[in-house]
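S.K.: My file is data.pdb. It has PDB, C-alpha atoms:
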```
ATOM      1  CA  MET A   7      68.611  80.895  62.799
ATOM      2  CA  LYS A   8      67.124  83.807  64.747
ATOM      3  CA  LYS A   9      68.432  82.354  68.021
ATOM      4  CA  ALA A  10      71.973  82.095  66.604
ATOM      5  CA  GLY A  11      71.880  85.761  65.533
ATOM      6  CA  ILE A  12      70.755  86.910  68.991
ATOM      7  CA  THR A  13      73.462  84.803  70.630
ATOM      8  CA  ALA A  14      76.111  86.292  68.319
ATOM      9  CA  VAL A  15      75.008  89.862  69.139
ATOM     10  CA  ALA A  16      75.021  89.085  72.872
ATOM     11  CA  MET A  17      78.543  87.644  72.596
ATOM     12  CA  MET A  18      79.742  90.793  70.783
ATOM     13  CA  ILE A  19      78.277  93.043  73.490
ATOM     14  CA  VAL A  20      79.915  91.035  76.275
ATOM     15  CA  GLY A  21      83.200  90.904  74.350
ATOM     16  CA  SER A  22      83.188  94.658  73.790
ATOM     17  CA  GLY A  23      82.945  95.185  77.568
ATOM     18  CA  PHE A  24      86.156  93.184  78.039
ATOM     19  CA  ALA A  25      87.851  95.118  75.240
ATOM     20  CA  LEU A  26      86.932  98.455  76.852
ATOM     21  CA  ARG A  27      88.574  97.421  80.108
ATOM     22  CA  ALA A  28      91.741  96.385  78.295
ATOM     23  CA  ALA A  29      91.892  99.398  75.961
ATOM     24  CA  ARG A  30      91.195 102.370  78.234
ATOM     25  CA  PRO A  31      92.221 105.712  76.771
ATOM     26  CA  GLN A  32      95.579 106.958  78.015
ATOM     27  CA  ALA A  33      96.230 110.530  79.155
ATOM     28  CA  PRO A  34      98.609 112.443  76.854
ATOM     29  CA  GLY A  35     102.236 111.890  77.866
ATOM     30  CA  MET A  36     101.347 108.842  80.000
ATOM     31  CA  LYS A  37     101.110 105.122  79.465
ATOM     32  CA  ARG A  38      99.625 102.677  81.999
ATOM     33  CA  THR A  39     100.170  98.942  81.455
ATOM     34  CA  GLU A  40      98.405  96.550  83.823
ATOM     35  CA  LEU A  41     100.798  93.689  84.598
ATOM     36  CA  GLN A  42      98.718  91.544  86.944
ATOM     37  CA  ARG A  43      95.539  91.514  89.048
ATOM     38  CA  HIS A  44      94.723  88.949  91.759
ATOM     39  CA  ASP A  45      92.206  88.472  94.544
ATOM     40  CA  LEU A  46      93.641  88.629  98.049
ATOM     41  CA  SER A  47      92.836  86.409 101.011
ATOM     42  CA  THR A  48      91.007  89.392 102.543
ATOM     43  CA  PRO A  49      87.443  89.310 101.177
ATOM     44  CA  GLY A  50      86.611  92.154  98.787
ATOM     45  CA  ARG A  51      90.257  93.173  98.235
ATOM     46  CA  GLU A  52      92.592  92.679  95.291
ATOM     47  CA  VAL A  53      96.151  93.577  94.335
ATOM     48  CA  VAL A  54      96.921  95.205  90.991
ATOM     49  CA  GLN A  55     100.371  95.920  89.554
ATOM     50  CA  VAL A  56     100.755  98.561  86.861
ATOM     51  CA  ARG A  57     103.749  99.955  85.003
ATOM     52  CA  VAL A  58     103.258 103.721  84.643
ATOM     53  CA  GLU A  59     105.380 105.667  82.160
ATOM     54  CA  ILE A  60     105.312 109.474  82.150
ATOM     55  CA  ASP A  61     107.053 111.726  79.625
ATOM     56  CA  PRO A  62     109.441 114.476  80.866
ATOM     57  CA  GLY A  63     107.590 117.492  82.289
ATOM     58  CA  VAL A  64     104.185 115.750  82.293
ATOM     59  CA  THR A  65     102.049 115.832  85.458
ATOM     60  CA  THR A  66      99.233 113.355  86.087
ATOM     61  CA  PRO A  67      95.767 114.768  86.763
ATOM     62  CA  ARG A  68      94.801 115.002  90.463
ATOM     63  CA  HIS A  69      93.433 111.601  91.403
ATOM     64  CA  SER A  70      93.042 108.974  94.131
ATOM     65  CA  HIS A  71      92.746 105.194  94.459
ATOM     66  CA  PRO A  72      90.305 103.006  96.462
ATOM     67  CA  GLY A  73      93.214 101.583  98.466
ATOM     68  CA  GLU A  74      96.922 101.967  99.106
ATOM     69  CA  GLU A  75      99.496 102.598  96.365
ATOM     70  CA  ILE A  76     103.056 101.332  96.816
ATOM     71  CA  ILE A  77     105.457 102.842  94.262
ATOM     72  CA  TYR A  78     108.893 101.687  93.116
ATOM     73  CA  VAL A  79     110.520 104.107  90.661
ATOM     74  CA  LEU A  80     112.087 102.089  87.845
ATOM     75  CA  GLU A  81     113.714 104.929  85.919
ATOM     76  CA  GLY A  82     113.897 108.701  86.057
ATOM     77  CA  SER A  83     112.791 111.028  88.817
ATOM     78  CA  PHE A  84     109.254 111.864  89.969
ATOM     79  CA  GLU A  85     107.809 114.549  92.203
ATOM     80  CA  TYR A  86     104.782 113.302  94.142
ATOM     81  CA  GLN A  87     102.368 115.828  95.610
ATOM     82  CA  VAL A  88      99.893 114.362  98.107
ATOM     83  CA  GLU A  89      97.214 116.873  99.069
ATOM     84  CA  GLY A  90      98.094 118.577 102.375
ATOM     85  CA  GLN A  91     101.754 117.464 102.280
ATOM     86  CA  ALA A  92     104.982 118.940 100.918
ATOM     87  CA  PRO A  93     106.104 117.604  97.507
ATOM     88  CA  VAL A  94     108.541 114.668  97.602
ATOM     89  CA  THR A  95     111.045 113.791  94.859
ATOM     90  CA  VAL A  96     111.712 110.076  94.361
ATOM     91  CA  LYS A  97     114.448 108.740  92.056
ATOM     92  CA  ALA A  98     115.050 105.406  90.329
ATOM     93  CA  GLY A  99     115.547 102.636  92.885
ATOM     94  CA  GLU A 100     113.558 104.445  95.589
ATOM     95  CA  VAL A 101     110.049 103.802  96.924
ATOM     96  CA  TYR A 102     107.050 105.871  97.971
ATOM     97  CA  PHE A 103     103.724 105.116  99.700
ATOM     98  CA  ILE A 104     100.385 106.842  99.075
ATOM     99  CA  PRO A 105      97.559 106.175 101.574
ATOM    100  CA  ALA A 106      94.118 104.981 100.474
ATOM    101  CA  GLY A 107      91.929 107.757  99.104
ATOM    102  CA  ALA A 108      94.679 110.410  99.187
ATOM    103  CA  ILE A 109      94.373 112.893  96.332
ATOM    104  CA  HIS A 110      97.730 113.240  94.605
ATOM    105  CA  THR A 111      99.699 113.940  91.428
ATOM    106  CA  ALA A 112     102.974 112.689  90.001
ATOM    107  CA  LYS A 113     105.274 114.682  87.716
ATOM    108  CA  ASN A 114     108.279 113.455  85.761
ATOM    109  CA  VAL A 115     110.863 116.053  86.881
ATOM    110  CA  GLY A 116     113.741 114.344  85.071
ATOM    111  CA  SER A 117     114.998 115.114  81.593
ATOM    112  CA  GLY A 118     114.360 111.611  80.254
ATOM    113  CA  ASN A 119     111.915 108.731  80.463
ATOM    114  CA  GLY A 120     110.205 108.117  83.771
ATOM    115  CA  ALA A 121     108.686 104.785  84.811
ATOM    116  CA  GLU A 122     107.317 103.391  88.041
ATOM    117  CA  LEU A 123     105.901 100.091  89.212
ATOM    118  CA  SER A 124     102.715 100.839  91.130
ATOM    119  CA  THR A 125     101.229  98.135  93.334
ATOM    120  CA  TYR A 126      97.692  98.819  94.503
ATOM    121  CA  VAL A 127      95.928  97.020  97.352
ATOM    122  CA  VAL A 128      92.363  98.082  96.633
ATOM    123  CA  GLU A 129      88.678  97.366  97.038
ATOM    124  CA  LYS A 130      87.641  94.913  94.340
ATOM    125  CA  GLY A 131      85.171  96.140  91.743
ATOM    126  CA  LYS A 132      85.924  99.858  92.166
ATOM    127  CA  PRO A 133      87.683 101.946  89.512
ATOM    128  CA  LEU A 134      91.441 101.860  90.052
ATOM    129  CA  VAL A 135      91.880 105.583  89.306
ATOM    130  CA  VAL A 136      89.365 108.208  90.438
ATOM    131  CA  LEU A 137      89.886 111.724  89.066
ATOM    132  CA  ALA A 138      89.604 114.453  91.718
ATOM    133  CA  LYS A 139      87.117 117.273  91.301
TER     134      LYS A 139
END
```
Just give me the structure of the file as structure tokens.
M.R.:
Amino acid sequence: MKKAGITAVAMMIVGSGFALRAARPQAPGMKRTELQRHDLSTPGREVVQVRVEIDPGVTTPRHSHPGEEIIYVLEGSFEYQVEGQAPVTVKAGEVYFIPAGAIHTAKNVGSGNGAELSTYVVEKGKPLVVLAK
């Protein structure tokens, strides 16, 4: 009986780790939905696709990724600011590329909903989003 109780507690701890990954807190005015994640043929690399929705006027915190980010704007209009570069406005149907490790922000500069499909080619096992200091 004691062994069964210990096993049950261990299962709950492991399960809670999976739940934390799936239910990360969202920044106010933003919603990130992971669509898929797969290992690549290059060892230690994976691809992750995420739908990012940002409310009008909301700017993401300054952040980077442990690999490249390829963006396709699904709806609305975003202004991307990559550190050291001029801001770029990208509208629905257009694409944008952010190099690995580049600190950047995105702002919904439209008057309505804004959504993008972000595809990340990143180092496996590292956090997908790293907040800048």
S.K.: Between atom CA of A:Val127 and atom CA of A:Val101, what is the spacing in Å?
M.R.: 15.7 Å
S.K.: Identify which of the residues A:Ile104, A:Ile109, A:Val58, A:Val88 lies closest to A:Met36, counting all atoms listed in the file when measuring atom-to-atom distances.
M.R.: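 Of all the options, A:Val58 lies closest to A:Met36.
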S.K.: Which residue, A:Thr111, A:Ser124, A:Ser70, A:Ser117, has the smallest gap to A:Ser83 when you use all atoms listed in the file?
M.R.: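 Comparing A:Thr111, A:Ser124, A:Ser70, A:Ser117 against A:Ser83, the winner is A:Ser117.
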S.K.: So which residues get picked by the PyMOL selection byres ((chain A and resi 126) around 12) here, written as a VMD selection string?
M.R.: chain A and resid 40 to 46 51 to 57 70 to 78 103 to 107 123 to 125 127 to 130 133 to 135
S.K.: Would you list the contacts of A:Leu80 as a PyMOL selection string, taking every protein, DNA or RNA residue within 6 Å and counting all atoms listed in the file, but skipping same-chain residues closer than 5 positions in sequence?
M.R.: chain A and resi 98+121-122
S.K.: Do you have the atom CA of A:His69-atom CA of A:Ser47 distance handy?
M.R.: 27.0 Å
S.K.: Distance atom CA of A:Glu89-atom CA of A:Thr48, one decimal place?
M.R.: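 Pair atom CA of A:Glu89 / atom CA of A:Thr48 returns 28.4 Å.
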S.K.: For stretch 119-128 of chain A, take all atoms listed in the file, fit an axis-aligned box around them, add 6 Å to each of the six sides, then output centre and edge lengths in Å rounded to one decimal, as AutoDock Vina command-line options.
M.R.:
```
--center_x 102.1 --center_y 102.9 --center_z 88.9 --size_x 31.6 --size_y 23.7 --size_z 28.9
```
S.K.: Give as a PDB file with C-alpha atoms, in the coordinates of the input the residues that the PyMOL selection byres ((chain A and resi 113) around 6) matches when applied to the coordinates above.
M.R.:
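Done, and the output landed in out-v9.pdb:
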```pdb
ATOM      1  CA  VAL A  64     104.185 115.750  82.293  1.00  0.00           C
ATOM      2  CA  THR A  65     102.049 115.832  85.458  1.00  0.00           C
ATOM      3  CA  PHE A  84     109.254 111.864  89.969  1.00  0.00           C
ATOM      4  CA  GLU A  85     107.809 114.549  92.203  1.00  0.00           C
ATOM      5  CA  ALA A 112     102.974 112.689  90.001  1.00  0.00           C
ATOM      6  CA  ASN A 114     108.279 113.455  85.761  1.00  0.00           C
ATOM      7  CA  VAL A 115     110.863 116.053  86.881  1.00  0.00           C
TER       8      VAL A 115
END
```
S.K.: Between A:Ala92, A:Val136, A:Ile60, A:Ala108, which is the closest to A:Gln32 once you count only C-alpha atoms?
M.R.: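 Ranking A:Ala92, A:Val136, A:Ile60, A:Ala108 by distance to A:Gln32, first place goes to A:Ile60.
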S.K.: Given the file shown, determine the residues that the PyMOL selection byres ((chain A and resi 139) around 9) selects; report them as a ChimeraX atom specification.
M.R.: /A:68-69,137-138
S.K.: Taking into account all atoms listed in the file, which residue in the set A:Val79, A:Pro34, A:Lys97, A:Pro49 is nearest to A:Gly63?
M.R.: A:Pro34
S.K.: Using only C-alpha atoms, find the one residue out of A:Lys37, A:Gln87, A:Thr95, A:Gly50 that sits nearest to A:Gly116.
M.R.: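 The closest residue to A:Gly116 is A:Thr95.
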S.K.: So which one's closest to A:Thr66, A:Gly118, A:Tyr86, A:Lys132, A:Thr39? Using all atoms listed in the file, please.
M.R.: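 Of A:Gly118, A:Tyr86, A:Lys132, A:Thr39, the one nearest A:Thr66 is A:Tyr86, counting all atoms listed in the file.
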